[in-house]
Every structure is written in structure tokens, then in C-alpha cells.
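Chemist: So here's coords.pdb, just PDB, C-alpha atoms, pLDDT in the B column:
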```pdb
ATOM      1  CA  MET A   1     208.014  89.642   2.766  1.00 45.00           C
ATOM      2  CA  GLY A   2     211.168  88.191   1.225  1.00 51.00           C
ATOM      3  CA  LEU A   3     212.246  85.888  -1.552  1.00 53.00           C
ATOM      4  CA  ARG A   4     210.059  82.807  -2.029  1.00 51.00           C
ATOM      5  CA  ARG A   5     211.455  79.652  -3.541  1.00 52.00           C
ATOM      6  CA  GLY A   6     209.198  77.024  -5.017  1.00 53.00           C
ATOM      7  CA  PRO A   7     205.428  76.583  -4.675  1.00 71.00           C
ATOM      8  CA  ARG A   8     204.372  76.911  -1.019  1.00 92.00           C
ATOM      9  CA  ALA A   9     207.105  77.814   1.403  1.00 98.00           C
ATOM     10  CA  ARG A  10     207.080  75.659   4.538  1.00 98.00           C
ATOM     11  CA  VAL A  11     210.245  77.001   6.170  1.00 98.00           C
ATOM     12  CA  GLY A  12     211.087  80.622   6.803  1.00 98.00           C
ATOM     13  CA  ILE A  13     214.747  81.600   6.766  1.00 98.00           C
ATOM     14  CA  VAL A  14     215.438  84.998   8.272  1.00 98.00           C
ATOM     15  CA  MET A  15     218.756  86.719   8.761  1.00 97.00           C
ATOM     16  CA  GLY A  16     219.761  89.890  10.528  1.00 95.00           C
ATOM     17  CA  SER A  17     221.723  91.389   7.660  1.00 95.00           C
ATOM     18  CA  GLU A  18     222.292  90.952   3.941  1.00 96.00           C
ATOM     19  CA  SER A  19     225.902  90.061   4.792  1.00 95.00           C
ATOM     20  CA  ASP A  20     224.551  86.853   6.429  1.00 96.00           C
ATOM     21  CA  ARG A  21     223.010  85.595   3.177  1.00 97.00           C
ATOM     22  CA  ALA A  22     225.885  83.381   1.978  1.00 97.00           C
ATOM     23  CA  VAL A  23     225.815  81.340   5.194  1.00 97.00           C
ATOM     24  CA  MET A  24     222.038  81.229   5.589  1.00 98.00           C
ATOM     25  CA  GLU A  25     221.456  80.147   1.999  1.00 97.00           C
ATOM     26  CA  GLU A  26     223.123  76.885   3.016  1.00 98.00           C
ATOM     27  CA  SER A  27     219.836  76.145   4.794  1.00 98.00           C
ATOM     28  CA  ALA A  28     217.922  76.829   1.590  1.00 98.00           C
ATOM     29  CA  HIS A  29     220.191  74.492  -0.385  1.00 98.00           C
ATOM     30  CA  VAL A  30     219.584  71.606   2.029  1.00 98.00           C
ATOM     31  CA  LEU A  31     215.829  72.184   1.982  1.00 98.00           C
ATOM     32  CA  ALA A  32     215.843  72.243  -1.826  1.00 97.00           C
ATOM     33  CA  GLU A  33     217.678  68.894  -1.908  1.00 96.00           C
ATOM     34  CA  PHE A  34     214.602  67.381  -0.259  1.00 97.00           C
ATOM     35  CA  GLY A  35     212.001  69.327  -2.230  1.00 97.00           C
ATOM     36  CA  VAL A  36     210.972  71.674   0.582  1.00 98.00           C
ATOM     37  CA  SER A  37     210.363  75.299  -0.351  1.00 98.00           C
ATOM     38  CA  CYS A  38     211.424  78.217   1.791  1.00 98.00           C
ATOM     39  CA  GLU A  39     210.915  81.919   2.191  1.00 98.00           C
ATOM     40  CA  ILE A  40     214.024  84.040   2.762  1.00 98.00           C
ATOM     41  CA  ALA A  41     213.943  87.442   4.438  1.00 98.00           C
ATOM     42  CA  VAL A  42     216.290  89.984   5.983  1.00 98.00           C
ATOM     43  CA  ARG A  43     214.930  91.442   9.229  1.00 97.00           C
ATOM     44  CA  SER A  44     216.935  92.865  12.087  1.00 96.00           C
ATOM     45  CA  ALA A  45     215.924  92.576  15.733  1.00 95.00           C
ATOM     46  CA  HIS A  46     217.707  95.893  16.290  1.00 94.00           C
ATOM     47  CA  ARG A  47     217.550  97.942  13.076  1.00 94.00           C
ATOM     48  CA  THR A  48     214.035  96.896  11.934  1.00 95.00           C
ATOM     49  CA  PRO A  49     212.363  95.474  15.063  1.00 96.00           C
ATOM     50  CA  ASP A  50     208.794  96.242  13.940  1.00 97.00           C
ATOM     51  CA  ALA A  51     209.341  94.564  10.555  1.00 97.00           C
ATOM     52  CA  ALA A  52     210.947  91.570  12.283  1.00 97.00           C
ATOM     53  CA  ALA A  53     207.967  91.243  14.639  1.00 98.00           C
ATOM     54  CA  ARG A  54     205.468  91.501  11.748  1.00 98.00           C
ATOM     55  CA  TRP A  55     207.380  88.845   9.779  1.00 98.00           C
ATOM     56  CA  ALA A  56     207.333  86.429  12.722  1.00 98.00           C
ATOM     57  CA  LYS A  57     203.691  87.109  13.643  1.00 98.00           C
ATOM     58  CA  GLY A  58     202.548  86.511  10.059  1.00 98.00           C
ATOM     59  CA  ALA A  59     204.664  83.397   9.464  1.00 98.00           C
ATOM     60  CA  ARG A  60     201.980  80.811  10.247  1.00 97.00           C
ATOM     61  CA  GLY A  61     199.435  82.697   8.135  1.00 97.00           C
ATOM     62  CA  ARG A  62     201.837  82.516   5.180  1.00 97.00           C
ATOM     63  CA  GLY A  63     201.974  78.713   5.583  1.00 97.00           C
ATOM     64  CA  LEU A  64     205.351  78.495   7.295  1.00 98.00           C
ATOM     65  CA  GLU A  65     205.817  75.639   9.749  1.00 98.00           C
ATOM     66  CA  VAL A  66     209.383  76.144  11.014  1.00 98.00           C
ATOM     67  CA  LEU A  67     211.583  79.244  11.259  1.00 98.00           C
ATOM     68  CA  ILE A  68     215.366  79.328  10.909  1.00 98.00           C
ATOM     69  CA  ALA A  69     216.950  82.545  12.186  1.00 98.00           C
ATOM     70  CA  GLY A  70     220.601  83.470  11.736  1.00 97.00           C
ATOM     71  CA  ALA A  71     222.371  86.455  13.225  1.00 92.00           C
ATOM     72  CA  GLY A  72     225.762  87.416  14.581  1.00 89.00           C
ATOM     73  CA  GLY A  73     226.980  89.783  17.266  1.00 82.00           C
ATOM     74  CA  ALA A  74     224.225  90.284  19.823  1.00 81.00           C
ATOM     75  CA  ALA A  75     222.197  87.689  17.850  1.00 86.00           C
ATOM     76  CA  HIS A  76     218.784  88.534  19.258  1.00 93.00           C
ATOM     77  CA  LEU A  77     216.946  87.659  16.045  1.00 96.00           C
ATOM     78  CA  ALA A  78     216.121  84.029  16.882  1.00 97.00           C
ATOM     79  CA  GLY A  79     214.827  85.077  20.302  1.00 96.00           C
ATOM     80  CA  ALA A  80     212.729  87.819  18.736  1.00 97.00           C
ATOM     81  CA  MET A  81     211.238  85.275  16.326  1.00 98.00           C
ATOM     82  CA  ALA A  82     210.420  82.927  19.221  1.00 97.00           C
ATOM     83  CA  ALA A  83     208.867  85.802  21.178  1.00 97.00           C
ATOM     84  CA  HIS A  84     206.517  86.672  18.298  1.00 98.00           C
ATOM     85  CA  SER A  85     205.658  83.221  16.908  1.00 98.00           C
ATOM     86  CA  ARG A  86     204.656  79.850  18.325  1.00 97.00           C
ATOM     87  CA  LEU A  87     206.349  78.040  15.438  1.00 98.00           C
ATOM     88  CA  PRO A  88     209.546  76.109  16.195  1.00 98.00           C
ATOM     89  CA  VAL A  89     212.522  78.470  15.874  1.00 98.00           C
ATOM     90  CA  LEU A  90     215.966  77.148  15.042  1.00 98.00           C
ATOM     91  CA  GLY A  91     218.780  79.596  15.739  1.00 97.00           C
ATOM     92  CA  VAL A  92     222.028  79.769  13.797  1.00 97.00           C
ATOM     93  CA  PRO A  93     224.708  81.886  15.463  1.00 96.00           C
ATOM     94  CA  LEU A  94     226.921  83.625  12.908  1.00 96.00           C
ATOM     95  CA  ALA A  95     230.586  84.572  13.225  1.00 93.00           C
ATOM     96  CA  SER A  96     230.297  88.242  12.302  1.00 87.00           C
ATOM     97  CA  SER A  97     232.126  89.816  15.223  1.00 85.00           C
ATOM     98  CA  PRO A  98     235.667  89.768  16.625  1.00 86.00           C
ATOM     99  CA  LEU A  99     234.525  86.982  18.993  1.00 86.00           C
ATOM    100  CA  ALA A 100     234.142  84.551  16.051  1.00 90.00           C
ATOM    101  CA  GLY A 101     230.511  83.720  16.808  1.00 89.00           C
ATOM    102  CA  PHE A 102     230.945  82.837  20.485  1.00 91.00           C
ATOM    103  CA  ASP A 103     228.933  85.916  21.502  1.00 90.00           C
ATOM    104  CA  ALA A 104     226.203  84.974  19.016  1.00 89.00           C
ATOM    105  CA  LEU A 105     226.160  81.396  20.304  1.00 93.00           C
ATOM    106  CA  LEU A 106     225.641  82.542  23.893  1.00 91.00           C
ATOM    107  CA  SER A 107     222.939  85.035  22.878  1.00 89.00           C
ATOM    108  CA  THR A 108     221.066  82.411  20.870  1.00 92.00           C
ATOM    109  CA  VAL A 109     221.265  79.534  23.329  1.00 93.00           C
ATOM    110  CA  GLN A 110     220.511  81.490  26.538  1.00 93.00           C
ATOM    111  CA  MET A 111     216.764  82.058  26.208  1.00 93.00           C
ATOM    112  CA  PRO A 112     214.345  82.467  29.107  1.00 93.00           C
ATOM    113  CA  PRO A 113     211.901  79.636  29.883  1.00 95.00           C
ATOM    114  CA  GLY A 114     208.897  79.704  27.581  1.00 95.00           C
ATOM    115  CA  VAL A 115     210.767  81.357  24.694  1.00 96.00           C
ATOM    116  CA  PRO A 116     212.674  78.368  23.294  1.00 96.00           C
ATOM    117  CA  VAL A 117     215.155  78.514  20.458  1.00 97.00           C
ATOM    118  CA  GLY A 118     216.724  75.298  19.217  1.00 97.00           C
ATOM    119  CA  THR A 119     220.312  76.427  18.806  1.00 97.00           C
ATOM    120  CA  LEU A 120     222.636  74.909  16.227  1.00 97.00           C
ATOM    121  CA  GLY A 121     226.360  75.341  15.637  1.00 96.00           C
ATOM    122  CA  VAL A 122     228.037  78.531  14.496  1.00 96.00           C
ATOM    123  CA  GLY A 123     228.131  79.309  10.780  1.00 96.00           C
ATOM    124  CA  THR A 124     227.713  77.106   7.737  1.00 97.00           C
ATOM    125  CA  TRP A 125     227.479  73.781   9.563  1.00 98.00           C
ATOM    126  CA  GLY A 126     224.848  75.273  11.860  1.00 98.00           C
ATOM    127  CA  ALA A 127     222.858  76.597   8.891  1.00 98.00           C
ATOM    128  CA  ARG A 128     222.947  73.208   7.177  1.00 98.00           C
ATOM    129  CA  ASN A 129     222.005  71.360  10.372  1.00 98.00           C
ATOM    130  CA  ALA A 130     219.181  73.822  11.038  1.00 98.00           C
ATOM    131  CA  ALA A 131     217.694  72.803   7.691  1.00 98.00           C
ATOM    132  CA  HIS A 132     218.173  69.103   8.465  1.00 98.00           C
ATOM    133  CA  LEU A 133     216.438  69.582  11.822  1.00 98.00           C
ATOM    134  CA  ALA A 134     213.622  71.545  10.153  1.00 98.00           C
ATOM    135  CA  LEU A 135     213.176  68.662   7.713  1.00 98.00           C
ATOM    136  CA  ARG A 136     212.898  66.178  10.578  1.00 98.00           C
ATOM    137  CA  ILE A 137     210.293  68.378  12.271  1.00 98.00           C
ATOM    138  CA  LEU A 138     208.271  68.630   9.051  1.00 98.00           C
ATOM    139  CA  ALA A 139     208.599  64.881   8.461  1.00 98.00           C
ATOM    140  CA  LEU A 140     206.700  64.160  11.684  1.00 98.00           C
ATOM    141  CA  ASN A 141     203.491  64.941   9.765  1.00 97.00           C
ATOM    142  CA  ASP A 142     204.638  64.368   6.181  1.00 98.00           C
ATOM    143  CA  ARG A 143     205.138  60.717   5.255  1.00 97.00           C
ATOM    144  CA  ALA A 144     206.501  61.469   1.777  1.00 97.00           C
ATOM    145  CA  LEU A 145     209.182  63.730   3.240  1.00 97.00           C
ATOM    146  CA  ALA A 146     209.986  61.150   5.907  1.00 97.00           C
ATOM    147  CA  LEU A 147     210.622  58.591   3.150  1.00 95.00           C
ATOM    148  CA  ARG A 148     212.855  61.061   1.256  1.00 95.00           C
ATOM    149  CA  LEU A 149     214.864  61.600   4.452  1.00 96.00           C
ATOM    150  CA  GLU A 150     215.306  57.846   4.913  1.00 93.00           C
ATOM    151  CA  ARG A 151     217.052  57.322   1.558  1.00 86.00           C
ATOM    152  CA  PRO A 152     220.375  59.029   2.416  1.00 80.00           C
ATOM    153  CA  LEU A 153     220.355  57.392   5.846  1.00 77.00           C
ATOM    154  CA  ALA A 154     219.876  53.969   4.273  1.00 75.00           C
ATOM    155  CA  ARG A 155     222.718  54.643   1.806  1.00 76.00           C
ATOM    156  CA  ARG A 156     225.070  55.620   4.656  1.00 76.00           C
ATOM    157  CA  ARG A 157     224.115  52.504   6.664  1.00 77.00           C
ATOM    158  CA  LYS A 158     224.686  50.288   3.631  1.00 77.00           C
ATOM    159  CA  ALA A 159     228.062  51.914   2.884  1.00 81.00           C
ATOM    160  CA  ARG A 160     229.246  51.138   6.425  1.00 76.00           C
ATOM    161  CA  GLY A 161     228.425  47.494   5.834  1.00 66.00           C
TER     162      GLY A 161
END
```
Write out the structure in this file as C-alpha cells.

Modeler:
Amino acid sequence: MGLRRGPRARVGIVMGSESDRAVMEESAHVLAEFGVSCEIAVRSAHRTPDAAARWAKGARGRGLEVLIAGAGGAAHLAGAMAAHSRLPVLGVPLASSPLAGFDALLSTVQMPPGVPVGTLGVGTWGARNAAHLALRILALNDRALALRLERPLARRRKARG
């Protein structure tokens, strides 16, 4: 299944390879800042396609509400997650090839109609923003989380004067 952090994981973070962990854990750090637990797993759309499909199909049953998928190169992982789950999937292209993530960006963003993947930026910023977007999705039905998200926004507004 993967590493679980905290009580009940609400967000699933999946990556195509163990080498993607340092970038994808940025998502976990952001979620933790707001008290949202996650489940982290390594599943490959190419090397372990059956395990990846099982992980995605069982996500809702494990209590997950949003999936964040990061992969480089051909970057089919986010699309595979969206094909096997009706949960929102946020894709993070990773710069793990000689094309510096551009190939992963195109693979993640170019999904056929009906298999949507919300695609974020390449690398660390994308991983962090995927978590921030996941938090906003969760906050639609979680008033306490919505209030926690408002605090940093209010501080930034106040600092601008």
C-alpha cells in the first residue's frame, strides 16, 4: 500500500520511482503544515502497471479524496491514476530525463477528454502547488481546513498593507 502519515490519509501521493521521492515529499510537507495526512506509494505505470491500477482503484476505499501523481520521462502515471479512479488527480511532471521535464509536462497535460489530470508545474514547485490545490479541493467540504487555509492568506494580505 505505501507509507501512511498521520491518522486517516485523505491524499494519496504516488510516484513512478523511488528516485522521485525527494521532490514528491514536498507535497507531503505542505499537507502536514495544514494537518492533512497522506499516503505515499511508489507505483510505475510501466514497470508495475497492475499494482498501479490496484492502488488507484482502491484509493477511495482507503479513504483518499485526492491523488497527486508525479513521474518523469513518459510520465503516464497521472493518466493511469485518472483512468482507474474517479478521484481528482493532480499531476506533477518531474525532470528526470535529458529534456528537463518538458517531455513529462506534455505527457501529463495532454490527456484525452474524460480522463482529466490537473497538471502543475515541473518539479518541486509543482509538487508543492499540487498539495496546495489538493488542500483547496478538500476545503470545499471541510470548514475547519478552509479556516486553516485562510490564515496564511490573511497574513499575506495584511503584510501588503

Chemist: Please report the interatomic distance between CA of Gly72 in chain A and CA of Trp125 in chain A in Å with one decimal.

Modeler: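 Spanning CA of Gly72 in chain A to CA of Trp125 in chain A is a straight-line distance of 14.6 Å.
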
Chemist: If we draw a sphere of 12 Å around (201.3, 81.7, 12.1), which residues have at least one atom in it when counting all atoms listed in the file? Please report them as a list in words.

Modeler: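 Applying the cut-off with all atoms listed in the file, one gets Arg10, Val11, Gly12, Ala53, Arg54, Trp55, Ala56, Lys57, Gly58, Ala59, Arg60, Gly61, Arg62, Gly63, Leu64, Glu65, Val66, Leu67, Met81, Ala82, His84, Ser85, Arg86, Leu87 and Pro88 of chain A.
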
Chemist: Atoms to include: C-alpha atoms. Write the selected residues as an mmCIF file, in the coordinates of the input.

Modeler:
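Printed below is part.cif as written:
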```cif
data_model
loop_
_atom_site.group_PDB
_atom_site.id
_atom_site.type_symbol
_atom_site.label_atom_id
_atom_site.label_comp_id
_atom_site.auth_asym_id
_atom_site.auth_seq_id
_atom_site.Cartn_x
_atom_site.Cartn_y
_atom_site.Cartn_z
ATOM 1 C CA ARG A 10 207.080 75.659 4.538
ATOM 2 C CA VAL A 11 210.245 77.001 6.170
ATOM 3 C CA GLY A 12 211.087 80.622 6.803
ATOM 4 C CA ALA A 53 207.967 91.243 14.639
ATOM 5 C CA ARG A 54 205.468 91.501 11.748
ATOM 6 C CA TRP A 55 207.380 88.845 9.779
ATOM 7 C CA ALA A 56 207.333 86.429 12.722
ATOM 8 C CA LYS A 57 203.691 87.109 13.643
ATOM 9 C CA GLY A 58 202.548 86.511 10.059
ATOM 10 C CA ALA A 59 204.664 83.397 9.464
ATOM 11 C CA ARG A 60 201.980 80.811 10.247
ATOM 12 C CA GLY A 61 199.435 82.697 8.135
ATOM 13 C CA ARG A 62 201.837 82.516 5.180
ATOM 14 C CA GLY A 63 201.974 78.713 5.583
ATOM 15 C CA LEU A 64 205.351 78.495 7.295
ATOM 16 C CA GLU A 65 205.817 75.639 9.749
ATOM 17 C CA VAL A 66 209.383 76.144 11.014
ATOM 18 C CA LEU A 67 211.583 79.244 11.259
ATOM 19 C CA MET A 81 211.238 85.275 16.326
ATOM 20 C CA ALA A 82 210.420 82.927 19.221
ATOM 21 C CA HIS A 84 206.517 86.672 18.298
ATOM 22 C CA SER A 85 205.658 83.221 16.908
ATOM 23 C CA ARG A 86 204.656 79.850 18.325
ATOM 24 C CA LEU A 87 206.349 78.040 15.438
ATOM 25 C CA PRO A 88 209.546 76.109 16.195
#
```

Chemist: Which residues fall under the PyMOL selection byres ((chain A and resi 146) around 12) in this file, as a count of residues only?

Modeler: 23

Chemist: Would you mind listing what lies within 7 Å of range 107-118 of chain A as number ranges by chain, with all atoms listed in the file counted and same-chain residues fewer than 4 positions away left out?

Modeler: A: 74-76, 78-79, 82-83, 89-91, 93, 103

Chemist: Closest to Glu33 in chain A among A:Ala80, A:Ile13, A:Ala131, A:Val122, using all atoms listed in the file?

Modeler: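 Using all atoms listed in the file, Glu33 in chain A sits closest to A:Ala131.
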
Chemist: Given the file shown, enumerate the residues that the PyMOL selection byres ((chain A and resi 14) around 8) captures and present them as a PDB file with C-alpha atoms, keeping the file's coordinate frame.

Modeler:
```
ATOM      1  CA  GLY A  12     211.087  80.622   6.803  1.00 98.00           C
ATOM      2  CA  ILE A  13     214.747  81.600   6.766  1.00 98.00           C
ATOM      3  CA  MET A  15     218.756  86.719   8.761  1.00 97.00           C
ATOM      4  CA  GLY A  16     219.761  89.890  10.528  1.00 95.00           C
ATOM      5  CA  ILE A  40     214.024  84.040   2.762  1.00 98.00           C
ATOM      6  CA  ALA A  41     213.943  87.442   4.438  1.00 98.00           C
ATOM      7  CA  VAL A  42     216.290  89.984   5.983  1.00 98.00           C
ATOM      8  CA  ARG A  43     214.930  91.442   9.229  1.00 97.00           C
ATOM      9  CA  LEU A  67     211.583  79.244  11.259  1.00 98.00           C
ATOM     10  CA  ILE A  68     215.366  79.328  10.909  1.00 98.00           C
ATOM     11  CA  ALA A  69     216.950  82.545  12.186  1.00 98.00           C
ATOM     12  CA  GLY A  70     220.601  83.470  11.736  1.00 97.00           C
TER      13      GLY A  70
END
```
